[in-house]
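Colleague: Structure below; questions to follow.
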Amino acid sequence: MSRPHRTVVVTGGAGFIGSEVVRQLVGSGAQVTVVDNLTNGKRENLADLPASRVTLVEADIRDIDVLTPHLQEAAVVYHLACLGVRHSVHSPIENHEVNAAGTLGLLHACRSHGVPRFVYVSSSEVYGTARWAPMTEEHPTYPCTVYGASKLAGECYARAFHQTYGYSTVMVRPFNSYGPRSHHEGDSGEVIPKFLLRCLAGRPLVIFGDGTQTRDFTYVSDSARGIILAGTADAAIGRTINLGSGGEVTINDLAATVAQVAGRPDARIERDAERPGDVRRLCADGSQARAVLGYEARVPLRVGLTELLKWYRGQNVSPETLLEHEVVRNWDITVA
Ligand SMILES: NC(=O)c1ccc[n+]([C@@H]2O[C@H](COP(=O)([O-])OP(=O)(O)OC[C@H]3O[C@@H](n4cnc5c(N)ncnc54)[C@H](O)[C@@H]3O)[C@@H](O)[C@H]2O)c1
């Protein structure tokens with residue numbers, strides 16, 4: 001059966017990385033359908049994009065009946081919708097149902113409706129703590145959280161669809177992403193927006209644990225570009241590919257760099273207990289991304305932080321107002 005594949009579907013496209021994927025796709029001339037139930041995503045994240053090019057379907061990825069007509073038109077599905085790491089601490093079952101089971105259901109629907117390609121956006125969290133660095137894709141996967149485990153399950157399902165059915169799936173593992181529209185609020189709040197807003201508001205930066213834990217921070221335009229390439233490069237089909245910057249930064253150094261960029265080099269640091277299941281070390285080996293996707297991160301950390309600072313300044317909302325939605329210790333290990 002031949003049919004027109006006119007659109008690109010982005011699940012989680014109203015979220016932080018997803019909305020940047022949508023922005024870049026629109027920039028390259030695509031017609032995009034966003035599927036997002038707006039649990040953590042926002043309409044405002046897409047507000048600057050032409051309505052004629054972006055359709056927002058407010059739906060749960062598990063509601064396949066609602067998704068079906070959109071899948072039937074799709075040339076590629078980029079699957080980013082998920083619930084986050086701190087959510088998995090208080091609600092592990094729901095986290096699994098959306099991230100793992102939801103991905104399996106979506107894969108099955110995409111294959112059934114003949115979607116030509118499926119890009120699964122996994123996470124560096126599937127590795128757990130690095131046993132060596134930089135980490136190639138062959139590094140053991142040993143997730144420390146239910147989130148990491150659920151992302152790994154989704155990734156394994158996507159890989160199995162390629163192995164079993166010859167379905168064109170690609171699995172990408174972004175490392176920690178930051179930039180405009182990143183989350184500072186509630187259990188979605190991430191370290192860079194929280195540090196930056198706290199600096200701007202003259203509040204102390206709170207480091208959990210001793211601050212020697214490391215991450216590979218990647219600017220969101222780089223993460224999104226790599227994700228899009230995974231949907232267009234034929235050599236990527238069936239592969240699992242890291243998307244990082246290759247830079248390893250301790251949280252202590254990150255705090256100092258954010259404080260300098262924000263013009264508050266004397267910002268106070270407060271220390272608190274380590275986070276449950278916190279990964280100690282992450283750093284990507286980008287050789288495969290370079291070879292297969294021609295992908296290289298372009299934005300150095302200081303440049304990306306400066307861009308984020310400019311973005312916050314252009315929002316016309318004070319850091320103090322934004323911080324009203326911050327939860328400092330944004331996880332809860334008590335049994336619900
Ligand atoms: N932010 C990072 O540093 C990072 C790093 C590695 C991987 N990732 C991956 O990138 C993807 C996007 O992450 P993000 O940081 O933009 O998070 P995000 O929370 O901003 O985006 C996820 C989106 O999914 C939506 N969503 C959640 N449950 C849904 C459901 N049941 N049905 C439909 N939509 C639903 C949310 O409303 C949100 O808009 C995720 O798959 C995540 O695992 C993110």
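Chains: A, B, ... in order of the structure tokens. Residues: from 1 per chain. Ligands: from 1, in order shown.
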What's around Val34 (chain A) at 7 Å? Count only C-alpha atoms, leave out sequence neighbours fewer than 3 positions away in its own chain, and write the answer as a ChimeraX atom specification.

Modeller: /A:9-11,13,55-57

Colleague: Collect all residues with atoms no farther than 7 Å from ligand 1, counting only C-alpha atoms and all ligand atoms, and output them as a ChimeraX atom specification.

Modeller: /A:11-18,35-42,59-62,79-84,98,121-124,151,173-178,182-183,188

Colleague: Identify, with DSSP run on backbone atoms, the residues in region 16-217 of chain A assigned to helix (DSSP H, G or I), and express the list as number ranges by chain.

Modeller: A: 16-27, 43-46, 64-71, 85-90, 92-112, 124-127, 146-165, 186-188, 191-200

Colleague: Env of region 264-276 of chain A: 7 Å cut, atoms = only C-alpha atoms, seq-sep filter 5 positions within chain, self excluded. Answer as an mmCIF file with N, CA and C atoms, in the first residue's frame.

Modeller:
```cif
data_model
loop_
_atom_site.group_PDB
_atom_site.id
_atom_site.type_symbol
_atom_site.label_atom_id
_atom_site.label_comp_id
_atom_site.auth_asym_id
_atom_site.auth_seq_id
_atom_site.Cartn_x
_atom_site.Cartn_y
_atom_site.Cartn_z
ATOM 1 N N CYS A 199 21.513 32.000 41.358
ATOM 2 C CA CYS A 199 22.543 33.044 41.281
ATOM 3 C C CYS A 199 21.897 34.393 41.022
ATOM 4 N N PRO A 204 21.781 31.035 47.641
ATOM 5 C CA PRO A 204 22.887 30.053 47.563
ATOM 6 C C PRO A 204 22.580 28.946 46.563
ATOM 7 N N LEU A 205 23.638 28.377 45.982
ATOM 8 C CA LEU A 205 23.488 27.215 45.107
ATOM 9 C C LEU A 205 23.567 25.978 45.998
ATOM 10 N N VAL A 206 22.634 25.061 45.824
ATOM 11 C CA VAL A 206 22.601 23.879 46.693
ATOM 12 C C VAL A 206 23.175 22.686 45.933
ATOM 13 N N ILE A 207 24.268 22.122 46.506
ATOM 14 C CA ILE A 207 24.911 20.949 45.907
ATOM 15 C C ILE A 207 24.578 19.738 46.767
ATOM 16 N N PHE A 208 24.067 18.689 46.110
ATOM 17 C CA PHE A 208 23.746 17.451 46.831
ATOM 18 C C PHE A 208 24.934 16.499 46.727
ATOM 19 N N GLY A 209 25.378 15.987 47.872
ATOM 20 C CA GLY A 209 26.583 15.166 47.886
ATOM 21 C C GLY A 209 27.813 16.069 47.902
ATOM 22 N N ALA A 256 30.754 26.865 40.046
ATOM 23 C CA ALA A 256 31.670 28.002 39.909
ATOM 24 C C ALA A 256 31.495 28.664 38.537
ATOM 25 N N ALA A 259 28.217 30.601 38.329
ATOM 26 C CA ALA A 259 28.316 31.828 39.124
ATOM 27 C C ALA A 259 29.093 32.906 38.362
#
```

Colleague: Within 9 Å of Leu301 (chain A), counting only C-alpha atoms, which residues show up once you throw out same-chain ones fewer than 5 positions away? Write them as number ranges by chain, please.

Modeller: A: 217-219, 247, 257, 306

Colleague: Could you take the residues named above and write them with C-alpha atoms, as a PDB file, in the first residue's frame?

Modeller:
```pdb
ATOM      1  CA  PHE A 217      26.424  18.776  29.641  1.00  0.00           C
ATOM      2  CA  THR A 218      25.141  19.310  26.104  1.00  0.00           C
ATOM      3  CA  TYR A 219      23.408  22.440  24.854  1.00  0.00           C
ATOM      4  CA  GLY A 247      33.256  17.225  28.268  1.00  0.00           C
ATOM      5  CA  THR A 257      31.197  28.414  36.125  1.00  0.00           C
ATOM      6  CA  THR A 306      25.527  32.663  28.426  1.00  0.00           C
TER       7      THR A 306
END
```

Colleague: Using Å and a single decimal, report how far CA of Asp216 (chain A) sits from CA of Arg302 (chain A).

Modeller: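 Answer for the CA of Arg302 (chain A) to CA of Asp216 (chain A) separation: 13.3 Å.
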
Colleague: Which of these, A:His5, A:His325, A:Arg181, A:Arg203, has the shortest distance to Arg117 (chain A) once you count only C-alpha atoms?

Modeller: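 Closest residue, counting only C-alpha atoms: A:His5.
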
Colleague: Considering only C-alpha atoms, state which residue in the set A:Thr169, A:Asn45, A:Ser223, A:Gln213 is at the smallest distance from Ala289 (chain A).

Modeller: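 Checking each candidate against Ala289 (chain A), we get A:Ser223 as the closest.
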
Colleague: Go ahead and compute the interatomic distance for CA of Tyr127 (chain A) and CA of Tyr142 (chain A), in Å to one decimal.

Modeller: 5.2 Å

Colleague: Kindly give the distance, in Å, that separates CA of Glu155 (chain A) and CA of Val85 (chain A), rounded to a single decimal.

Modeller: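 Between CA of Glu155 (chain A) and CA of Val85 (chain A) the gap is 15.9 Å.
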
Colleague: What residues in region 43-289 of chain A get the DSSP label strand (DSSP E)? Please answer as an MDAnalysis selection string.

Modeller: chainID A and resid 54:57 74:79 118:121 169:174 177:178 205:208 214:215 218:219 240:243 249:250 269:272

Colleague: May I have the selected residues written with C-alpha atoms, as a CSV table (one decimal), in the first residue's frame?

Modeller:
```
chain,number,residue,atom,x,y,z
A,54,VAL,CA,2.8,22.6,13.9
A,55,THR,CA,-0.2,20.7,15.1
A,56,LEU,CA,-0.4,20.0,18.8
A,57,VAL,CA,-2.4,16.8,19.6
A,74,ALA,CA,4.0,10.1,9.5
A,75,ALA,CA,7.4,9.7,7.7
A,76,VAL,CA,9.2,9.4,11.0
A,77,VAL,CA,8.3,9.3,14.7
A,78,TYR,CA,10.7,10.9,17.2
A,79,HIS,CA,9.7,9.5,20.6
A,118,PHE,CA,11.1,5.3,14.7
A,119,VAL,CA,13.7,7.2,16.7
A,120,TYR,CA,13.8,6.3,20.4
A,121,VAL,CA,15.2,9.0,22.6
A,169,THR,CA,14.4,2.0,14.6
A,170,VAL,CA,17.3,4.1,15.9
A,171,MET,CA,18.2,4.5,19.6
A,172,VAL,CA,19.9,7.6,20.8
A,173,ARG,CA,21.3,8.3,24.3
A,174,PRO,CA,21.5,12.1,25.0
A,177,SER,CA,20.9,18.7,28.2
A,178,TYR,CA,20.5,22.3,29.2
A,205,LEU,CA,23.5,27.2,45.1
A,206,VAL,CA,22.6,23.9,46.7
A,207,ILE,CA,24.9,20.9,45.9
A,208,PHE,CA,23.7,17.5,46.8
A,214,THR,CA,30.3,14.5,37.0
A,215,ARG,CA,28.1,15.0,34.0
A,218,THR,CA,25.1,19.3,26.1
A,219,TYR,CA,23.4,22.4,24.9
A,240,THR,CA,22.4,2.8,19.5
A,241,ILE,CA,24.2,6.2,19.6
A,242,ASN,CA,25.5,8.5,22.3
A,243,LEU,CA,24.7,12.2,22.0
A,249,VAL,CA,32.4,18.6,34.5
A,250,THR,CA,32.0,18.1,38.2
A,269,ILE,CA,27.3,27.3,48.1
A,270,GLU,CA,25.2,25.2,50.4
A,271,ARG,CA,25.7,21.4,50.8
A,272,ASP,CA,23.0,18.8,51.4
```

Colleague: Tell me, as number ranges by chain, which residues lie within 8 Å of region 327-330 of chain A, counting only C-alpha atoms; anything in the same chain fewer than 4 positions away does not count.

Modeller: A: 86, 185-189, 206

Colleague: Take the residues that were just selected and, keeping C-alpha atoms, output them as an mmCIF file, in the first residue's frame.

Modeller:
```
data_model
loop_
_atom_site.group_PDB
_atom_site.id
_atom_site.type_symbol
_atom_site.label_atom_id
_atom_site.label_comp_id
_atom_site.auth_asym_id
_atom_site.auth_seq_id
_atom_site.Cartn_x
_atom_site.Cartn_y
_atom_site.Cartn_z
ATOM 1 C CA ARG A 86 12.704 12.308 40.161
ATOM 2 C CA GLU A 185 10.340 23.691 38.671
ATOM 3 C CA GLY A 186 9.006 20.840 40.812
ATOM 4 C CA ASP A 187 10.354 17.339 40.345
ATOM 5 C CA SER A 188 11.444 18.189 36.782
ATOM 6 C CA GLY A 189 13.930 20.830 38.040
ATOM 7 C CA VAL A 206 22.601 23.879 46.693
#
```
